[in-house]
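Structure file work09.cif (mmCIF, C-alpha atoms) is printed below.
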data_work
loop_
_atom_site.group_PDB
_atom_site.id
_atom_site.type_symbol
_atom_site.label_atom_id
_atom_site.label_comp_id
_atom_site.auth_asym_id
_atom_site.auth_seq_id
_atom_site.Cartn_x
_atom_site.Cartn_y
_atom_site.Cartn_z
ATOM 1 C CA MET A 1 -30.461 26.056 9.177
ATOM 2 C CA GLU A 2 -33.548 24.935 11.081
ATOM 3 C CA SER A 3 -35.874 27.359 9.284
ATOM 4 C CA GLU A 4 -34.593 26.143 5.897
ATOM 5 C CA CYS A 5 -35.155 22.548 6.972
ATOM 6 C CA ASN A 6 -38.682 23.302 8.142
ATOM 7 C CA SER A 7 -39.437 25.176 4.921
ATOM 8 C CA LEU A 8 -38.265 22.257 2.775
ATOM 9 C CA LEU A 9 -40.184 19.727 4.850
ATOM 10 C CA ALA A 10 -43.341 21.849 4.594
ATOM 11 C CA ARG A 11 -43.051 21.805 0.790
ATOM 12 C CA LEU A 12 -42.663 18.015 0.895
ATOM 13 C CA ASP A 13 -45.537 17.540 3.322
ATOM 14 C CA ASP A 14 -47.846 15.356 1.223
ATOM 15 C CA ASP A 15 -45.276 14.187 -1.312
ATOM 16 C CA ILE A 16 -44.599 10.460 -0.987
ATOM 17 C CA SER A 17 -42.352 10.141 -4.034
ATOM 18 C CA GLU A 18 -38.940 8.528 -3.717
ATOM 19 C CA GLN A 19 -37.288 11.902 -4.355
ATOM 20 C CA ALA A 20 -39.250 13.477 -1.502
ATOM 21 C CA TRP A 21 -38.110 10.706 0.849
ATOM 22 C CA ARG A 22 -34.526 11.320 -0.267
ATOM 23 C CA TRP A 23 -34.861 15.001 0.583
ATOM 24 C CA ARG A 24 -36.381 14.160 3.969
ATOM 25 C CA SER A 25 -33.440 11.834 4.592
ATOM 26 C CA LYS A 26 -30.986 14.609 3.787
ATOM 27 C CA VAL A 27 -32.754 16.979 6.165
ATOM 28 C CA SER A 28 -32.706 14.369 8.936
ATOM 29 C CA TYR A 29 -29.031 13.704 8.201
ATOM 30 C CA GLU A 30 -28.165 17.398 8.516
ATOM 31 C CA ARG A 31 -30.138 17.631 11.749
ATOM 32 C CA HIS A 32 -28.368 14.512 13.030
ATOM 33 C CA MET A 33 -24.987 16.101 12.298
ATOM 34 C CA ALA A 34 -26.015 19.345 13.986
ATOM 35 C CA ALA A 35 -27.123 17.446 17.092
ATOM 36 C CA TRP A 36 -23.834 15.509 17.067
ATOM 37 C CA GLN A 37 -21.816 18.728 16.815
ATOM 38 C CA GLN A 38 -23.808 20.175 19.719
ATOM 39 C CA GLY A 39 -23.051 17.094 21.817
ATOM 40 C CA ASP A 40 -26.585 15.706 21.885
ATOM 41 C CA VAL A 41 -25.747 12.065 21.180
ATOM 42 C CA SER A 42 -29.247 10.761 21.911
ATOM 43 C CA GLU A 43 -30.964 13.191 19.532
ATOM 44 C CA SER A 44 -28.256 12.630 16.941
ATOM 45 C CA LEU A 45 -28.812 8.870 17.092
ATOM 46 C CA THR A 46 -32.581 9.262 16.743
ATOM 47 C CA LEU A 47 -32.174 11.533 13.720
ATOM 48 C CA ALA A 48 -29.554 9.273 12.123
ATOM 49 C CA HIS A 49 -31.917 6.290 12.378
ATOM 50 C CA GLN A 50 -34.703 8.451 10.942
ATOM 51 C CA SER A 51 -32.414 9.405 8.037
ATOM 52 C CA VAL A 52 -31.715 5.720 7.345
ATOM 53 C CA ARG A 53 -35.433 4.879 7.297
ATOM 54 C CA GLU A 54 -36.204 7.810 4.986
ATOM 55 C CA ALA A 55 -33.306 6.966 2.658
ATOM 56 C CA ASN A 56 -34.567 3.404 2.437
ATOM 57 C CA ARG A 57 -38.075 4.633 1.564
ATOM 58 C CA GLY A 58 -36.483 6.831 -1.089
ATOM 59 C CA LYS A 59 -34.508 3.871 -2.442
ATOM 60 C CA ASP A 60 -31.253 5.702 -1.691
ATOM 61 C CA PRO A 61 -28.876 3.059 -0.333
ATOM 62 C CA VAL A 62 -25.956 5.490 -0.322
ATOM 63 C CA GLY A 63 -27.914 7.943 1.823
ATOM 64 C CA ALA A 64 -28.655 5.129 4.263
ATOM 65 C CA LEU A 65 -24.948 4.247 4.347
ATOM 66 C CA PHE A 66 -23.989 7.829 5.237
ATOM 67 C CA ALA A 67 -26.154 7.931 8.335
ATOM 68 C CA THR A 68 -25.249 4.381 9.357
ATOM 69 C CA MET A 69 -21.569 5.215 8.957
ATOM 70 C CA ASN A 70 -21.915 8.073 11.424
ATOM 71 C CA ILE A 71 -23.749 5.873 13.897
ATOM 72 C CA ALA A 72 -20.854 3.406 13.739
ATOM 73 C CA GLY A 73 -18.004 5.888 13.600
ATOM 74 C CA HIS A 74 -19.181 8.703 15.857
ATOM 75 C CA LEU A 75 -22.180 7.747 17.947
ATOM 76 C CA PHE A 76 -21.399 4.215 19.097
ATOM 77 C CA PRO A 77 -17.967 5.209 20.432
ATOM 78 C CA ALA A 78 -19.534 8.209 22.209
ATOM 79 C CA MET A 79 -22.050 5.830 23.770
ATOM 80 C CA GLY A 80 -19.310 3.467 24.987
ATOM 81 C CA ARG A 81 -20.174 0.850 22.344
ATOM 82 C CA PRO A 82 -17.023 0.775 20.196
ATOM 83 C CA GLN A 83 -17.226 -2.943 19.412
ATOM 84 C CA GLU A 84 -20.628 -2.459 17.799
ATOM 85 C CA GLY A 85 -19.168 0.442 15.851
ATOM 86 C CA ILE A 86 -16.225 -1.646 14.643
ATOM 87 C CA HIS A 87 -18.517 -4.455 13.524
ATOM 88 C CA MET A 88 -20.851 -2.045 11.753
ATOM 89 C CA ILE A 89 -17.954 -0.278 9.975
ATOM 90 C CA GLU A 90 -16.701 -3.645 8.707
ATOM 91 C CA MET A 91 -20.157 -4.403 7.279
ATOM 92 C CA LEU A 92 -20.410 -0.926 5.761
ATOM 93 C CA CYS A 93 -17.071 -1.343 3.973
ATOM 94 C CA VAL A 94 -18.376 -4.491 2.321
ATOM 95 C CA LYS A 95 -21.658 -2.827 1.337
ATOM 96 C CA ALA A 96 -19.928 0.313 0.027
ATOM 97 C CA LYS A 97 -17.527 -1.787 -2.077
ATOM 98 C CA GLU A 98 -20.534 -3.576 -3.576
ATOM 99 C CA LEU A 99 -22.309 -0.301 -4.306
ATOM 100 C CA VAL A 100 -19.231 1.247 -5.934
ATOM 101 C CA THR A 101 -19.447 -1.390 -8.650
ATOM 102 C CA THR A 102 -23.196 -1.045 -9.171
ATOM 103 C CA THR A 103 -23.992 2.670 -8.790
ATOM 104 C CA GLN A 104 -25.314 4.172 -11.984
ATOM 105 C CA SER A 105 -24.809 7.918 -11.623
ATOM 106 C CA ASP A 106 -21.540 9.774 -11.172
ATOM 107 C CA GLU A 107 -23.070 11.505 -8.145
ATOM 108 C CA ASP A 108 -23.927 8.221 -6.422
ATOM 109 C CA HIS A 109 -20.523 6.790 -7.298
ATOM 110 C CA GLY A 110 -18.820 9.796 -5.696
ATOM 111 C CA ARG A 111 -21.057 9.599 -2.635
ATOM 112 C CA THR A 112 -20.281 5.894 -2.281
ATOM 113 C CA MET A 113 -16.541 6.552 -2.566
ATOM 114 C CA ARG A 114 -16.896 9.167 0.200
ATOM 115 C CA VAL A 115 -18.634 6.611 2.431
ATOM 116 C CA LEU A 116 -15.889 4.096 1.685
ATOM 117 C CA MET A 117 -13.217 6.693 2.464
ATOM 118 C CA ASN A 118 -14.836 7.496 5.792
ATOM 119 C CA CYS A 119 -15.183 3.805 6.628
ATOM 120 C CA TYR A 120 -11.440 3.319 6.168
ATOM 121 C CA VAL A 121 -10.738 6.424 8.233
ATOM 122 C CA PHE A 122 -12.928 5.088 11.042
ATOM 123 C CA ARG A 123 -11.354 1.608 10.822
ATOM 124 C CA ILE A 124 -7.889 3.127 11.068
ATOM 125 C CA GLN A 125 -8.887 5.364 13.971
ATOM 126 C CA TYR A 126 -10.401 2.439 15.859
ATOM 127 C CA ALA A 127 -7.260 0.337 15.248
ATOM 128 C CA LEU A 128 -4.856 3.078 16.311
ATOM 129 C CA LYS A 129 -6.810 3.632 19.494
ATOM 130 C CA ASP A 130 -7.212 -0.049 20.347
ATOM 131 C CA ASP A 131 -3.791 -1.372 19.296
ATOM 132 C CA GLY A 132 -5.071 -3.049 16.139
ATOM 133 C CA VAL A 133 -3.166 -5.378 13.853
ATOM 134 C CA ARG A 134 -0.386 -3.509 12.022
ATOM 135 C CA HIS A 135 -0.976 -5.355 8.757
ATOM 136 C CA ASP A 136 -4.669 -4.385 8.779
ATOM 137 C CA VAL A 137 -3.832 -0.732 9.414
ATOM 138 C CA GLU A 138 -1.354 -0.747 6.528
ATOM 139 C CA LYS A 139 -3.912 -2.423 4.233
ATOM 140 C CA TRP A 140 -6.619 0.095 5.132
ATOM 141 C CA LEU A 141 -4.282 3.033 4.584
ATOM 142 C CA ASP A 142 -3.336 1.596 1.201
ATOM 143 C CA GLU A 143 -7.034 1.339 0.268
ATOM 144 C CA LEU A 144 -7.646 4.840 1.594
ATOM 145 C CA GLU A 145 -4.804 6.329 -0.433
ATOM 146 C CA LYS A 146 -6.291 4.773 -3.610
ATOM 147 C CA ASN A 147 -9.654 6.391 -2.925
ATOM 148 C CA PRO A 148 -10.166 9.358 -5.286
ATOM 149 C CA ILE A 149 -12.097 11.313 -2.670
ATOM 150 C CA PHE A 150 -9.264 10.928 -0.144
ATOM 151 C CA VAL A 151 -6.770 12.026 -2.805
ATOM 152 C CA LEU A 152 -8.661 15.327 -2.986
ATOM 153 C CA TYR A 153 -8.051 15.835 0.746
ATOM 154 C CA LYS A 154 -4.295 15.240 0.626
ATOM 155 C CA GLY A 155 -2.576 18.327 1.934
ATOM 156 C CA GLN A 156 -5.372 19.049 4.405
ATOM 157 C CA GLN A 157 -4.319 18.721 8.003
ATOM 158 C CA TRP A 158 -6.721 15.956 9.038
ATOM 159 C CA ALA A 159 -5.647 13.728 6.118
ATOM 160 C CA ASP A 160 -1.940 14.398 6.591
ATOM 161 C CA ASP A 161 -2.263 13.817 10.340
ATOM 162 C CA LEU A 162 -3.937 10.461 9.747
ATOM 163 C CA VAL A 163 -1.207 9.299 7.362
ATOM 164 C CA ARG A 164 1.464 10.475 9.814
ATOM 165 C CA ASP A 165 -0.270 8.745 12.740
ATOM 166 C CA VAL A 166 -0.343 5.489 10.781
ATOM 167 C CA ALA A 167 3.371 5.791 9.952
ATOM 168 C CA VAL A 168 4.196 6.335 13.619
ATOM 169 C CA TYR A 169 1.973 3.429 14.629
ATOM 170 C CA VAL A 170 3.495 1.075 12.069
ATOM 171 C CA THR A 171 7.020 2.061 13.098
ATOM 172 C CA ARG A 172 6.186 1.524 16.770
ATOM 173 C CA GLN A 173 4.561 -1.858 16.031
ATOM 174 C CA THR A 174 7.495 -2.971 13.866
ATOM 175 C CA SER A 175 10.044 -2.139 16.565
ATOM 176 C CA SER A 176 8.116 -3.898 19.312
#
Would you give me this structure, written as structure tokens?
Amino acid sequence: MESECNSLLARLDDDISEQAWRWRSKVSYERHMAAWQQGDVSESLTLAHQSVREANRGKDPVGALFATMNIAGHLFPAMGRPQEGIHMIEMLCVKAKELVTTTQSDEDHGRTMRVLMNCYVFRIQYALKDDGVRHDVEKWLDELEKNPIFVLYKGQQWADDLVRDVAVYVTRQTSS
């Protein structure tokens, strides 16, 4: 992957167009994810912030949301900063809902719905871990199950496990 990234960046070297910045952002995002998967939280955070800056220069608010979402949902918890992550996810949900109504292209609409799906997943995961409010968890699952991107994942283990975990949580909270 690294050689492909370097090759793309070399072709974009002097290009300062918005599209070039969007491509740079995507490369930084992929590198951020690779660093995250390799357990290098510090490098992942640096690359995620770089992706946000590049997306902003490319006037790609959805691209900026993707990287910010991962900072909030993956990196902050790994750094022992879950409260910052929770706050950021709440803000991202609001921003993603706004963008869903204003995005022009089908591609951007789908990308925004994916961000919104992931935000609800992260909110639910945070709540299940930290004994969140049952009503909030139910509301977020309801929103998640209406999300067309999440609907595509139904039947996959991670999605089914999340729905099951919420049902167990709600049952436990109701009987307490």
Can you pull out every residue within 10 Å of His32 (chain A), counting only C-alpha atoms, but drop anything in the same chain fewer than 4 positions away, and send it as a compact mmCIF listing (two decimals) with C-alpha atoms, in the coordinates of the input?
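Saved result, part_12.txt, follows:
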# COMPACT_ATOMS: atom_id res chain seq x y z
CA LYS A 26 -30.99 14.61 3.79
CA VAL A 27 -32.75 16.98 6.16
CA SER A 28 -32.71 14.37 8.94
CA TRP A 36 -23.83 15.51 17.07
CA GLN A 37 -21.82 18.73 16.82
CA GLN A 38 -23.81 20.18 19.72
CA ASP A 40 -26.58 15.71 21.88
CA VAL A 41 -25.75 12.06 21.18
CA SER A 42 -29.25 10.76 21.91
CA GLU A 43 -30.96 13.19 19.53
CA SER A 44 -28.26 12.63 16.94
CA LEU A 45 -28.81 8.87 17.09
CA THR A 46 -32.58 9.26 16.74
CA LEU A 47 -32.17 11.53 13.72
CA ALA A 48 -29.55 9.27 12.12
CA HIS A 49 -31.92 6.29 12.38
CA GLN A 50 -34.70 8.45 10.94
CA SER A 51 -32.41 9.40 8.04
CA ALA A 67 -26.15 7.93 8.34
CA ASN A 70 -21.92 8.07 11.42
CA ILE A 71 -23.75 5.87 13.90
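Within the file as shown, the PyMOL selection byres ((chain A and resi 120) around 8) identifies Cys93, Leu116, Met117, Asn118, Cys119, Val121, Phe122, Arg123, Ile124, Trp140, Leu141, Glu143 and Leu144 of chain A.
Minimum atom-to-atom distance to Leu128 (chain A), evaluated using all atoms listed in the file, belongs to A:Ala167 out of A:Met91, A:Ala167, A:Val100, A:Ala35.
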Taking all listed atoms of region 101-112 of chain A, build the axis-aligned box, pad each of the six sides by 5 Å, then write its centre and edge lengths in Å to one decimal as lines of an AutoDock Vina configuration file.
center_x = -22.1
center_y = 5.1
center_z = -7.1
size_x = 16.5
size_y = 22.9
size_z = 19.7
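In this structure, CA of Ser25 (chain A) sits 29.0 Å away from CA of Gln156 (chain A).
Minimum atom-to-atom distance to Arg24 (chain A), evaluated using all atoms listed in the file, belongs to A:Asn56 out of A:Asn56, A:Asn147, A:Gln157, A:Thr171.
Between CA of Pro148 (chain A) and CA of Met113 (chain A) the separation is 7.5 Å.
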Take the PyMOL selection byres ((chain A and resi 58) around 10), run it mentally on this structure, and tell me the resulting residues as a PyMOL selection string. chain A and resi 16-25+52-57+59-61+63-64
Please indicate the distance in Å from CA of Thr68 (chain A) to CA of Ala34 (chain A), rounded to one decimal place. 15.7 Å
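Of the listed residues (A:Asp160, A:Glu145, A:Glu138, A:Asp106), A:Glu138 comes nearest to Thr174 (chain A); the distances count only C-alpha atoms.
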Would you list the residues near (-16.6, -0.2, 17.2) (no more than 12 Å away, in the coordinates of the file, using only C-alpha atoms) as a PyMOL selection string? chain A and resi 69-91+119+122-127+129-130+132
Just say which residues the PyMOL selection byres ((chain A and resi 170) around 10) picks in this file, as number ranges by chain. A: 128, 133-135, 137-138, 164-169, 171-176
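In terms of minimum interatomic distance to Leu162 (chain A), A:Phe150 ranks closest within A:Leu65, A:Phe150, A:Thr102, A:Thr112, counting all atoms listed in the file.
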